[in-house]
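Below is run-v8.pdb, which holds PDB, C-alpha atoms.
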```pdb
ATOM      1  CA  MET C   1      18.555  23.184  -7.284
ATOM      2  CA  ALA C   2      20.257  19.789  -7.190
ATOM      3  CA  THR C   3      18.916  17.419  -9.834
ATOM      4  CA  LEU C   4      19.014  13.715  -9.065
ATOM      5  CA  GLN C   5      19.609  12.021 -12.411
ATOM      6  CA  THR C   6      22.463   9.613 -11.645
ATOM      7  CA  PRO C   7      23.763   7.479  -8.759
ATOM      8  CA  GLN C   8      26.610   9.983  -8.410
ATOM      9  CA  ASP C   9      24.094  12.811  -7.863
ATOM     10  CA  THR C  10      22.596  10.839  -4.994
ATOM     11  CA  ILE C  11      25.985  10.129  -3.426
ATOM     12  CA  GLU C  12      26.992  13.790  -3.715
ATOM     13  CA  ILE C  13      23.848  15.092  -2.008
ATOM     14  CA  LEU C  14      24.225  12.546   0.805
ATOM     15  CA  GLN C  15      27.843  13.624   1.302
ATOM     16  CA  LYS C  16      27.017  17.332   1.121
ATOM     17  CA  TYR C  17      24.587  17.030   4.025
ATOM     18  CA  ASN C  18      26.682  14.418   5.820
ATOM     19  CA  PHE C  19      23.539  12.318   5.874
ATOM     20  CA  SER C  20      23.605   9.011   7.728
ATOM     21  CA  ILE C  21      21.172   6.309   6.595
ATOM     22  CA  ARG C  22      18.733   5.619   9.409
ATOM     23  CA  LYS C  23      17.719   1.989   9.717
ATOM     24  CA  LYS C  24      14.767   2.792  11.969
ATOM     25  CA  PHE C  25      13.087   4.496   8.993
ATOM     26  CA  GLY C  26      13.935   1.673   6.591
ATOM     27  CA  GLN C  27      15.763   4.050   4.270
ATOM     28  CA  ASN C  28      16.874   2.720   0.885
ATOM     29  CA  PHE C  29      17.285   5.412  -1.775
ATOM     30  CA  LEU C  30      16.502   4.463  -5.359
ATOM     31  CA  ILE C  31      19.403   5.251  -7.702
ATOM     32  CA  ASP C  32      18.143   3.702 -10.947
ATOM     33  CA  MET C  33      16.445   6.462 -12.927
ATOM     34  CA  HIS C  34      14.862   3.965 -15.336
ATOM     35  CA  VAL C  35      12.950   2.482 -12.399
ATOM     36  CA  LEU C  36      11.821   5.954 -11.357
ATOM     37  CA  ASP C  37      10.460   6.461 -14.856
ATOM     38  CA  LYS C  38       8.595   3.143 -14.610
ATOM     39  CA  ILE C  39       6.979   4.250 -11.340
ATOM     40  CA  ILE C  40       5.868   7.542 -12.879
ATOM     41  CA  ASP C  41       4.534   5.760 -15.977
ATOM     42  CA  ALA C  42       2.666   3.207 -13.848
ATOM     43  CA  ALA C  43       1.087   5.990 -11.767
ATOM     44  CA  ASP C  44      -0.199   7.646 -14.963
ATOM     45  CA  ILE C  45       0.068  11.189 -13.582
ATOM     46  CA  SER C  46      -1.811  13.935 -15.430
ATOM     47  CA  PRO C  47      -1.545  17.761 -15.132
ATOM     48  CA  ASP C  48      -4.798  17.823 -13.145
ATOM     49  CA  ASP C  49      -3.706  15.286 -10.512
ATOM     50  CA  PHE C  50      -3.117  15.953  -6.834
ATOM     51  CA  VAL C  51      -0.509  13.406  -5.719
ATOM     52  CA  LEU C  52       0.225  12.279  -2.185
ATOM     53  CA  GLU C  53       3.842  11.106  -2.023
ATOM     54  CA  ILE C  54       4.753   9.121   1.065
ATOM     55  CA  GLY C  55       8.467   9.114   1.888
ATOM     56  CA  PRO C  56      10.025  11.459  -0.700
ATOM     57  CA  GLY C  57      13.490  10.696   0.673
ATOM     58  CA  LEU C  58      16.005  12.817  -1.255
ATOM     59  CA  GLY C  59      13.394  14.035  -3.735
ATOM     60  CA  ALA C  60      14.339  12.151  -6.911
ATOM     61  CA  MET C  61      10.798  10.927  -7.506
ATOM     62  CA  THR C  62       9.284  14.134  -6.156
ATOM     63  CA  GLN C  63      11.063  16.107  -8.884
ATOM     64  CA  ARG C  64       9.432  13.941 -11.548
ATOM     65  CA  LEU C  65       6.037  14.112  -9.870
ATOM     66  CA  CYS C  66       6.201  17.906  -9.729
ATOM     67  CA  GLU C  67       6.875  17.959 -13.468
ATOM     68  CA  LYS C  68       3.769  15.859 -14.164
ATOM     69  CA  ALA C  69       1.153  16.744 -11.528
ATOM     70  CA  ARG C  70      -0.839  19.833 -10.601
ATOM     71  CA  GLN C  71       0.324  19.544  -6.986
ATOM     72  CA  VAL C  72       2.386  17.133  -4.897
ATOM     73  CA  TYR C  73       1.833  16.728  -1.152
ATOM     74  CA  ALA C  74       5.019  15.078   0.132
ATOM     75  CA  VAL C  75       5.065  13.530   3.608
ATOM     76  CA  GLU C  76       8.517  12.784   5.041
ATOM     77  CA  ILE C  77       8.921  11.364   8.550
ATOM     78  CA  ASP C  78      12.680  12.030   8.876
ATOM     79  CA  LYS C  79      13.342  15.642   9.870
ATOM     80  CA  MET C  80      16.973  15.271   8.775
ATOM     81  CA  LEU C  81      15.798  15.029   5.158
ATOM     82  CA  ILE C  82      13.808  18.283   5.177
ATOM     83  CA  PRO C  83      16.843  20.537   4.424
ATOM     84  CA  VAL C  84      17.923  18.145   1.646
ATOM     85  CA  LEU C  85      14.448  18.295   0.094
ATOM     86  CA  GLY C  86      14.531  22.079   0.399
ATOM     87  CA  GLU C  87      17.486  22.031  -2.007
ATOM     88  CA  THR C  88      16.415  19.281  -4.397
ATOM     89  CA  LEU C  89      12.903  20.756  -4.785
ATOM     90  CA  ALA C  90      14.001  24.398  -4.938
ATOM     91  CA  GLY C  91      13.080  24.677  -8.616
ATOM     92  CA  TYR C  92       9.419  23.738  -8.109
ATOM     93  CA  ASP C  93       6.490  25.693  -6.708
ATOM     94  CA  ASN C  94       3.740  23.072  -6.910
ATOM     95  CA  TYR C  95       4.570  20.978  -3.848
ATOM     96  CA  ILE C  96       3.808  20.992  -0.142
ATOM     97  CA  LEU C  97       6.363  19.315   2.129
ATOM     98  CA  VAL C  98       5.434  18.193   5.632
ATOM     99  CA  ASN C  99       7.587  16.503   8.258
ATOM    100  CA  GLU C 100       5.075  14.012   9.663
ATOM    101  CA  ASP C 101       4.196  10.361  10.113
ATOM    102  CA  VAL C 102       1.592   9.732   7.420
ATOM    103  CA  LEU C 103      -0.277   7.350   9.741
ATOM    104  CA  LYS C 104      -0.954  10.265  12.090
ATOM    105  CA  LEU C 105      -2.287  12.685   9.473
ATOM    106  CA  ASP C 106      -5.957  13.375   8.720
ATOM    107  CA  LEU C 107      -5.641  12.590   5.028
ATOM    108  CA  ASN C 108      -9.349  13.060   4.377
ATOM    109  CA  GLU C 109      -9.054  16.645   5.588
ATOM    110  CA  ILE C 110      -5.967  17.192   3.414
ATOM    111  CA  VAL C 111      -7.785  15.864   0.340
ATOM    112  CA  LYS C 112     -10.778  18.047   1.148
ATOM    113  CA  LYS C 113      -8.605  21.160   1.547
ATOM    114  CA  HIS C 114      -6.227  20.688  -1.387
ATOM    115  CA  ASN C 115      -8.296  18.689  -3.906
ATOM    116  CA  GLN C 116     -11.887  19.600  -3.003
ATOM    117  CA  GLY C 117     -12.467  16.042  -1.807
ATOM    118  CA  ARG C 118     -11.857  14.570  -5.262
ATOM    119  CA  PRO C 119      -9.966  11.267  -5.603
ATOM    120  CA  ILE C 120      -6.173  11.524  -5.454
ATOM    121  CA  LYS C 121      -3.258   9.373  -6.557
ATOM    122  CA  VAL C 122      -0.734   8.028  -4.064
ATOM    123  CA  VAL C 123       2.872   7.339  -5.068
ATOM    124  CA  ALA C 124       5.440   5.978  -2.625
ATOM    125  CA  ASN C 125       8.672   4.091  -2.086
ATOM    126  CA  LEU C 126       7.586   2.549   1.204
ATOM    127  CA  PRO C 127       9.845   1.198   3.954
ATOM    128  CA  TYR C 128       9.226  -2.538   4.057
ATOM    129  CA  TYR C 129       8.304  -2.629   7.738
ATOM    130  CA  VAL C 130       5.372  -0.236   7.326
ATOM    131  CA  THR C 131       4.081  -1.149   3.846
ATOM    132  CA  THR C 132       0.974  -3.054   4.895
ATOM    133  CA  PRO C 133      -0.121  -0.675   7.716
ATOM    134  CA  ILE C 134       0.089   2.331   5.374
ATOM    135  CA  ILE C 135      -1.770   0.689   2.496
ATOM    136  CA  MET C 136      -4.484  -0.671   4.790
ATOM    137  CA  SER C 137      -4.833   2.718   6.483
ATOM    138  CA  LEU C 138      -5.373   4.401   3.094
ATOM    139  CA  PHE C 139      -8.135   1.888   2.330
ATOM    140  CA  GLU C 140      -9.785   1.685   5.738
ATOM    141  CA  GLU C 141      -9.883   5.431   6.343
ATOM    142  CA  LYS C 142     -11.898   5.741   3.121
ATOM    143  CA  ILE C 143      -9.499   8.237   1.549
ATOM    144  CA  PRO C 144     -10.842   9.232  -1.900
ATOM    145  CA  LEU C 145      -8.375   7.360  -4.123
ATOM    146  CA  LYS C 146      -7.857   6.817  -7.840
ATOM    147  CA  SER C 147      -4.798   4.632  -7.404
ATOM    148  CA  ILE C 148      -1.836   3.711  -5.226
ATOM    149  CA  THR C 149       1.495   3.096  -6.975
ATOM    150  CA  VAL C 150       4.163   1.849  -4.606
ATOM    151  CA  MET C 151       7.563   0.247  -4.452
ATOM    152  CA  VAL C 152       7.318  -2.689  -2.068
ATOM    153  CA  GLN C 153       9.171  -5.869  -1.198
ATOM    154  CA  SER C 154       8.715  -8.305  -4.094
ATOM    155  CA  GLU C 155       7.183 -10.918  -1.825
ATOM    156  CA  VAL C 156       4.556  -8.432  -0.619
ATOM    157  CA  ALA C 157       3.662  -7.426  -4.181
ATOM    158  CA  HIS C 158       3.021 -11.065  -5.058
ATOM    159  CA  ARG C 159       0.881 -11.499  -1.928
ATOM    160  CA  MET C 160      -1.208  -8.506  -2.972
ATOM    161  CA  GLN C 161      -2.236 -10.094  -6.263
ATOM    162  CA  ALA C 162      -2.359 -13.742  -5.142
ATOM    163  CA  LYS C 163      -5.453 -15.858  -5.822
ATOM    164  CA  GLU C 164      -7.194 -18.350  -3.541
ATOM    165  CA  GLY C 165      -5.518 -21.712  -3.161
ATOM    166  CA  THR C 166      -1.975 -20.409  -3.702
ATOM    167  CA  LYS C 167       0.756 -20.195  -1.080
ATOM    168  CA  ASP C 168       0.935 -16.376  -1.277
ATOM    169  CA  TYR C 169      -2.809 -15.929  -0.759
ATOM    170  CA  GLY C 170      -3.778 -14.329   2.530
ATOM    171  CA  ALA C 171      -5.555 -11.502   4.320
ATOM    172  CA  LEU C 172      -3.626  -8.861   2.363
ATOM    173  CA  SER C 173      -4.621 -10.470  -0.963
ATOM    174  CA  LEU C 174      -8.287 -10.307   0.002
ATOM    175  CA  ALA C 175      -8.116  -6.754   1.302
ATOM    176  CA  VAL C 176      -6.460  -5.531  -1.884
ATOM    177  CA  ALA C 177      -8.971  -7.432  -4.045
ATOM    178  CA  TYR C 178     -11.856  -5.791  -2.159
ATOM    179  CA  TYR C 179     -10.564  -2.263  -2.623
ATOM    180  CA  ALA C 180      -8.531  -2.337  -5.847
ATOM    181  CA  ASP C 181      -7.247  -4.099  -8.939
ATOM    182  CA  PRO C 182      -3.507  -4.895  -8.474
ATOM    183  CA  TYR C 183      -0.952  -4.919 -11.274
ATOM    184  CA  ILE C 184       2.812  -5.478 -10.907
ATOM    185  CA  ALA C 185       4.360  -2.908 -13.247
ATOM    186  CA  ALA C 186       8.049  -3.686 -12.709
ATOM    187  CA  ASN C 187      10.415  -5.942 -10.815
ATOM    188  CA  VAL C 188      13.304  -4.079  -9.194
ATOM    189  CA  PRO C 189      16.554  -5.830  -8.183
ATOM    190  CA  ARG C 190      18.231  -4.885  -4.924
ATOM    191  CA  ASN C 191      21.225  -3.263  -6.652
ATOM    192  CA  CYS C 192      18.994  -0.344  -7.672
ATOM    193  CA  PHE C 193      19.220   1.123  -4.162
ATOM    194  CA  ILE C 194      21.638   2.805  -1.761
ATOM    195  CA  PRO C 195      22.110   1.097   0.646
ATOM    196  CA  ARG C 196      21.353  -2.227  -1.010
ATOM    197  CA  PRO C 197      18.489  -4.062   0.764
ATOM    198  CA  ASN C 198      18.533  -7.795   1.399
ATOM    199  CA  VAL C 199      15.557  -8.473  -0.869
ATOM    200  CA  ASP C 200      14.305  -7.545  -4.315
ATOM    201  CA  SER C 201      11.436  -5.123  -4.806
ATOM    202  CA  ALA C 202       8.531  -4.558  -7.161
ATOM    203  CA  VAL C 203       6.438  -1.644  -8.329
ATOM    204  CA  ILE C 204       2.734  -2.372  -7.972
ATOM    205  CA  THR C 205      -0.223  -0.221  -8.941
ATOM    206  CA  LEU C 206      -3.519  -0.648  -7.108
ATOM    207  CA  THR C 207      -6.278   0.884  -9.223
ATOM    208  CA  CYS C 208      -9.123   1.535  -6.824
ATOM    209  CA  HIS C 209     -12.609   0.184  -7.544
ATOM    210  CA  GLU C 210     -15.367   2.720  -8.066
ATOM    211  CA  ASP C 211     -17.774   0.003  -6.951
ATOM    212  CA  LYS C 212     -16.736  -2.873  -4.704
ATOM    213  CA  PRO C 213     -16.559  -6.238  -6.510
ATOM    214  CA  VAL C 214     -18.728  -7.946  -3.867
ATOM    215  CA  LYS C 215     -21.723  -6.895  -1.811
ATOM    216  CA  VAL C 216     -21.326  -7.425   1.924
ATOM    217  CA  SER C 217     -23.733  -6.448   4.681
ATOM    218  CA  ASP C 218     -21.100  -6.167   7.412
ATOM    219  CA  GLU C 219     -17.657  -5.195   6.088
ATOM    220  CA  LYS C 220     -16.021  -5.297   9.532
ATOM    221  CA  LEU C 221     -17.300  -8.815  10.163
ATOM    222  CA  MET C 222     -16.010  -9.987   6.801
ATOM    223  CA  PHE C 223     -12.504  -8.757   7.582
ATOM    224  CA  LYS C 224     -12.595 -10.300  11.062
ATOM    225  CA  LEU C 225     -13.469 -13.628   9.430
ATOM    226  CA  ILE C 226     -10.591 -13.170   6.991
ATOM    227  CA  ARG C 227      -8.142 -12.383   9.814
ATOM    228  CA  ALA C 228      -9.384 -15.404  11.744
ATOM    229  CA  ALA C 229      -8.933 -17.669   8.733
ATOM    230  CA  PHE C 230      -5.321 -16.659   8.151
ATOM    231  CA  ASN C 231      -4.366 -16.243  11.796
ATOM    232  CA  GLN C 232      -4.467 -20.065  11.912
ATOM    233  CA  ARG C 233      -4.365 -20.884   8.214
ATOM    234  CA  ARG C 234      -3.601 -24.584   8.656
ATOM    235  CA  LYS C 235      -6.765 -25.112  10.687
ATOM    236  CA  THR C 236     -10.187 -25.627   9.171
ATOM    237  CA  LEU C 237     -12.219 -22.431   8.887
ATOM    238  CA  VAL C 238     -14.693 -23.769  11.459
ATOM    239  CA  ASN C 239     -11.949 -24.130  14.072
ATOM    240  CA  ALA C 240     -10.122 -20.929  13.111
ATOM    241  CA  VAL C 241     -13.251 -18.771  13.464
ATOM    242  CA  ALA C 242     -14.442 -20.492  16.650
ATOM    243  CA  ASN C 243     -10.998 -19.915  18.242
ATOM    244  CA  PHE C 244     -10.674 -16.270  17.176
ATOM    245  CA  GLU C 245     -11.039 -14.004  20.206
ATOM    246  CA  GLU C 246     -12.555 -11.113  18.239
ATOM    247  CA  LEU C 247     -15.489 -13.299  17.177
ATOM    248  CA  ASN C 248     -18.145 -15.117  19.152
ATOM    249  CA  TYR C 249     -19.373 -17.980  16.988
ATOM    250  CA  THR C 250     -19.578 -21.654  17.862
ATOM    251  CA  LYS C 251     -18.241 -24.360  15.575
ATOM    252  CA  ASP C 252     -21.809 -25.445  14.841
ATOM    253  CA  GLU C 253     -22.808 -21.928  13.771
ATOM    254  CA  VAL C 254     -19.839 -21.617  11.426
ATOM    255  CA  ALA C 255     -20.431 -25.109  10.012
ATOM    256  CA  ALA C 256     -24.112 -24.313   9.383
ATOM    257  CA  ALA C 257     -23.183 -21.065   7.612
ATOM    258  CA  LEU C 258     -20.688 -22.885   5.381
ATOM    259  CA  THR C 259     -23.237 -25.581   4.560
ATOM    260  CA  SER C 260     -25.815 -22.938   3.617
ATOM    261  CA  LEU C 261     -23.312 -21.611   1.069
ATOM    262  CA  GLY C 262     -22.626 -25.063  -0.369
ATOM    263  CA  LEU C 263     -19.124 -25.160   1.124
ATOM    264  CA  ASP C 264     -17.424 -28.124   2.812
ATOM    265  CA  VAL C 265     -17.426 -27.820   6.601
ATOM    266  CA  ASN C 266     -13.784 -28.938   6.601
ATOM    267  CA  VAL C 267     -12.651 -26.210   4.199
ATOM    268  CA  ARG C 268      -9.708 -23.991   5.082
ATOM    269  CA  GLY C 269      -9.853 -20.235   4.709
ATOM    270  CA  GLU C 270      -7.147 -20.225   2.047
ATOM    271  CA  ALA C 271      -9.584 -21.954  -0.322
ATOM    272  CA  LEU C 272     -12.293 -19.269  -0.098
ATOM    273  CA  SER C 273     -12.624 -16.414  -2.573
ATOM    274  CA  LEU C 274     -13.508 -12.848  -1.607
ATOM    275  CA  LYS C 275     -17.087 -13.486  -2.737
ATOM    276  CA  GLU C 276     -17.300 -16.548  -0.483
ATOM    277  CA  PHE C 277     -15.986 -14.643   2.546
ATOM    278  CA  ALA C 278     -18.614 -11.973   1.856
ATOM    279  CA  GLY C 279     -21.236 -14.709   1.676
ATOM    280  CA  LEU C 280     -20.036 -16.223   4.951
ATOM    281  CA  ALA C 281     -20.321 -12.841   6.678
ATOM    282  CA  GLY C 282     -23.870 -12.557   5.369
ATOM    283  CA  ALA C 283     -24.786 -16.079   6.474
ATOM    284  CA  LEU C 284     -23.478 -15.441   9.997
ATOM    285  CA  THR C 285     -25.528 -12.257  10.417
ATOM    286  CA  ILE C 286     -28.869 -13.857   9.524
TER     287      ILE C 286
END
```

As structure tokens, what does this structure read like?
Amino acid sequence: MATLQTPQDTIEILQKYNFSIRKKFGQNFLIDMHVLDKIIDAADISPDDFVLEIGPGLGAMTQRLCEKARQVYAVEIDKMLIPVLGETLAGYDNYILVNEDVLKLDLNEIVKKHNQGRPIKVVANLPYYVTTPIIMSLFEEKIPLKSITVMVQSEVAHRMQAKEGTKDYGALSLAVAYYADPYIAANVPRNCFIPRPNVDSAVITLTCHEDKPVKVSDEKLMFKLIRAAFNQRRKTLVNAVANFEELNYTKDEVAAALTSLGLDVNVRGEALSLKEFAGLAGALTI
């Protein structure tokens, strides 16, 4: 078994398999073992945990997860990495490796089969281009989750925990707030990777709510209103919602709903909290 403890270990395994970095998969392999330790610490893995790892890459983090968890279910989209993972994970018997696109898997069925439907922990070093789709899929598909600990672009991590009225606040901030409590566990400079990306990264843990922080009668409507608000964020909320093709409300209806909530009819979506968006969805369904 090849252990991945140093940057040289990573270089040697890449050379052994004559592996070419594939840009289409957004591959950047973490070579700073201290950062790996921070990810594992932030994920708070226990011997009873079933962990879904998305994008194991060369297996450096997978090795650590296998040492901590009851079982690791590793999903790798690049078939060229499967032989590499076969070597780097050869010393472990508590993992399942699948060559799939995680967005095409029935994760609820996997959780039911391998963890009796109990909440799982997700750990991942996500390609930047697919970060938001994967995180939103995990939430929207109602996967039983304890937490999601991921390496993401620094800018995205700050958007996830942004509050109303700030420049980073947006639809992602609201979605994360609805489903989880975000905490940035570590900032990761670009020189911690091979190849070096053009931006810095951050490790963020999303601890999932057992009970949602707001009550909303129509969850889908609330998120349509949120998308409308930030699709044209410089417009007033009245205009943004009235112009949004997925909704069918007049300006007068939106203005009346805002007034009923004690909100200014000229308010922009970026000024509304999650609770206020939930209230707006309720007011528009009366």

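The shortest atom-to-atom distance to Asp32 in chain C, with only C-alpha atoms taken into account, belongs to C:Asp9 out of C:Asp101, C:Asp168, C:Asp44, C:Asp9.
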
### Residue nearest Pro144 in chain C among C:Lys167, C:Lys38, C:Lys112, C:His158 (counting only C-alpha atoms)
C:Lys112

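In this model, the gap between CA of Glu276 in chain C and CA of Lys163 in chain C comes to 13.0 Å.
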
### Message
Report as number ranges by chain all protein, DNA and RNA residues lying within 10 Å of range 246-260 of chain C, evaluated on only C-alpha atoms, omitting residues in the same chain fewer than 3 positions from it.
### Response
C: 221, 224-225, 227-228, 237-243, 263-267, 276-277, 279-286

### Query
Around (-6.0, 0.4, -8.0) in the file's own coordinates, what residues are found within 7 Å if you use only C-alpha atoms, given back as a PyMOL selection string?
chain C and resi 146-148+180-182+205-209

### Message
With the PyMOL selection byres ((chain C and resi 80-87) around 7) as the selection, what would be picked from this file? Answer as a ChimeraX atom specification, please.
### Response
/C:1-2,57-59,78-79,88-90

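When CA of Gly91 in chain C is paired with CA of Glu67 in chain C, their separation reads 10.4 Å.
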
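Among the candidates C:Ala162, C:Leu97, C:Val111, C:Met61, the residue lying nearest to His34 in chain C is C:Met61 (atoms considered: only C-alpha atoms).
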
#### Entry: Nearest residue to Ser137 in chain C from the set C:Thr149, C:Asn115, C:Asn108, C:Asn94 (distances using only C-alpha atoms)
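Residue with the minimum atom-to-atom distance to Ser137 in chain C: C:Asn108.
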
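Ranking C:Val216, C:Ala177, C:Val75, C:Ile39 by their shortest atom-to-atom distance to Ile110 in chain C, with only C-alpha atoms included, puts C:Val75 first.
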
### Distance criterion (all atoms listed in the file): nearest to Arg159 in chain C out of C:Val188, C:Met222, C:Leu126, C:Ile204
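Ranking C:Val188, C:Met222, C:Leu126, C:Ile204 by distance to Arg159 in chain C, first place goes to C:Ile204.
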
### Message
Just want the 6 Å neighbourhood of range 47-51 of chain C, counted on only C-alpha atoms, with same-chain residues fewer than 3 positions away dropped. Output as a list in words.
### Response
Lys68, Ala69, Arg70, Gln71, Val72, Ile120, Lys121 and Val122 of chain C

### Query
How many Å separate CA of Thr236 in chain C from CA of Tyr179 in chain C?
26.2 Å

### Task
Give as a VMD selection string the residues that the PyMOL selection byres ((chain C and resi 135) around 12) matches when applied to the coordinates above.
chain C and resid 54 102 to 103 122 to 134 136 to 143 145 147 to 152 156 to 157 160 172 175 to 176 179 to 180 204 to 206 208

Could the residues in this selection be saved with C-alpha atoms as a PDB file, in the frame of the given file?
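Just written: out_22.pdb:
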```pdb
ATOM      1  CA  ILE C  54       4.753   9.121   1.065  1.00  0.00           C
ATOM      2  CA  VAL C 102       1.592   9.732   7.420  1.00  0.00           C
ATOM      3  CA  LEU C 103      -0.277   7.350   9.741  1.00  0.00           C
ATOM      4  CA  VAL C 122      -0.734   8.028  -4.064  1.00  0.00           C
ATOM      5  CA  VAL C 123       2.872   7.339  -5.068  1.00  0.00           C
ATOM      6  CA  ALA C 124       5.440   5.978  -2.625  1.00  0.00           C
ATOM      7  CA  ASN C 125       8.672   4.091  -2.086  1.00  0.00           C
ATOM      8  CA  LEU C 126       7.586   2.549   1.204  1.00  0.00           C
ATOM      9  CA  PRO C 127       9.845   1.198   3.954  1.00  0.00           C
ATOM     10  CA  TYR C 128       9.226  -2.538   4.057  1.00  0.00           C
ATOM     11  CA  TYR C 129       8.304  -2.629   7.738  1.00  0.00           C
ATOM     12  CA  VAL C 130       5.372  -0.236   7.326  1.00  0.00           C
ATOM     13  CA  THR C 131       4.081  -1.149   3.846  1.00  0.00           C
ATOM     14  CA  THR C 132       0.974  -3.054   4.895  1.00  0.00           C
ATOM     15  CA  PRO C 133      -0.121  -0.675   7.716  1.00  0.00           C
ATOM     16  CA  ILE C 134       0.089   2.331   5.374  1.00  0.00           C
ATOM     17  CA  MET C 136      -4.484  -0.671   4.790  1.00  0.00           C
ATOM     18  CA  SER C 137      -4.833   2.718   6.483  1.00  0.00           C
ATOM     19  CA  LEU C 138      -5.373   4.401   3.094  1.00  0.00           C
ATOM     20  CA  PHE C 139      -8.135   1.888   2.330  1.00  0.00           C
ATOM     21  CA  GLU C 140      -9.785   1.685   5.738  1.00  0.00           C
ATOM     22  CA  GLU C 141      -9.883   5.431   6.343  1.00  0.00           C
ATOM     23  CA  LYS C 142     -11.898   5.741   3.121  1.00  0.00           C
ATOM     24  CA  ILE C 143      -9.499   8.237   1.549  1.00  0.00           C
ATOM     25  CA  LEU C 145      -8.375   7.360  -4.123  1.00  0.00           C
ATOM     26  CA  SER C 147      -4.798   4.632  -7.404  1.00  0.00           C
ATOM     27  CA  ILE C 148      -1.836   3.711  -5.226  1.00  0.00           C
ATOM     28  CA  THR C 149       1.495   3.096  -6.975  1.00  0.00           C
ATOM     29  CA  VAL C 150       4.163   1.849  -4.606  1.00  0.00           C
ATOM     30  CA  MET C 151       7.563   0.247  -4.452  1.00  0.00           C
ATOM     31  CA  VAL C 152       7.318  -2.689  -2.068  1.00  0.00           C
ATOM     32  CA  VAL C 156       4.556  -8.432  -0.619  1.00  0.00           C
ATOM     33  CA  ALA C 157       3.662  -7.426  -4.181  1.00  0.00           C
ATOM     34  CA  MET C 160      -1.208  -8.506  -2.972  1.00  0.00           C
ATOM     35  CA  LEU C 172      -3.626  -8.861   2.363  1.00  0.00           C
ATOM     36  CA  ALA C 175      -8.116  -6.754   1.302  1.00  0.00           C
ATOM     37  CA  VAL C 176      -6.460  -5.531  -1.884  1.00  0.00           C
ATOM     38  CA  TYR C 179     -10.564  -2.263  -2.623  1.00  0.00           C
ATOM     39  CA  ALA C 180      -8.531  -2.337  -5.847  1.00  0.00           C
ATOM     40  CA  ILE C 204       2.734  -2.372  -7.972  1.00  0.00           C
ATOM     41  CA  THR C 205      -0.223  -0.221  -8.941  1.00  0.00           C
ATOM     42  CA  LEU C 206      -3.519  -0.648  -7.108  1.00  0.00           C
ATOM     43  CA  CYS C 208      -9.123   1.535  -6.824  1.00  0.00           C
TER      44      CYS C 208
END
```

Any chance you could build range 100-113 of chain C out to N, CA and C atoms and write it as a short mmCIF file (atom, residue, chain, number, x, y, z; two decimals), keeping the file's coordinate frame?
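The resulting file, out-v5.cif, is reproduced below:
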```cif
data_model
loop_
_atom_site.label_atom_id
_atom_site.label_comp_id
_atom_site.auth_asym_id
_atom_site.auth_seq_id
_atom_site.Cartn_x
_atom_site.Cartn_y
_atom_site.Cartn_z
N GLU C 100 6.07 14.70 8.85
CA GLU C 100 5.08 14.01 9.66
C GLU C 100 5.12 12.51 9.41
N ASP C 101 4.48 11.78 10.31
CA ASP C 101 4.20 10.36 10.11
C ASP C 101 2.85 10.29 9.40
N VAL C 102 2.82 9.73 8.21
CA VAL C 102 1.59 9.73 7.42
C VAL C 102 0.45 9.03 8.14
N LEU C 103 0.76 8.07 9.01
CA LEU C 103 -0.28 7.35 9.74
C LEU C 103 -0.96 8.21 10.80
N LYS C 104 -0.38 9.37 11.08
CA LYS C 104 -0.95 10.26 12.09
C LYS C 104 -1.65 11.47 11.47
N LEU C 105 -1.67 11.56 10.15
CA LEU C 105 -2.29 12.68 9.47
C LEU C 105 -3.76 12.41 9.18
N ASP C 106 -4.56 13.48 9.16
CA ASP C 106 -5.96 13.38 8.72
C ASP C 106 -5.96 13.58 7.21
N LEU C 107 -5.78 12.49 6.48
CA LEU C 107 -5.64 12.59 5.03
C LEU C 107 -6.95 13.00 4.36
N ASN C 108 -8.07 12.63 4.95
CA ASN C 108 -9.35 13.06 4.38
C ASN C 108 -9.47 14.58 4.40
N GLU C 109 -9.00 15.19 5.48
CA GLU C 109 -9.05 16.64 5.59
C GLU C 109 -8.10 17.29 4.57
N ILE C 110 -6.94 16.68 4.39
CA ILE C 110 -5.97 17.19 3.41
C ILE C 110 -6.54 17.13 1.99
N VAL C 111 -7.18 16.01 1.67
CA VAL C 111 -7.78 15.86 0.34
C VAL C 111 -8.91 16.88 0.16
N LYS C 112 -9.68 17.07 1.21
CA LYS C 112 -10.78 18.05 1.15
C LYS C 112 -10.24 19.46 0.92
N LYS C 113 -9.17 19.81 1.62
CA LYS C 113 -8.60 21.16 1.55
C LYS C 113 -7.89 21.43 0.22
#
```
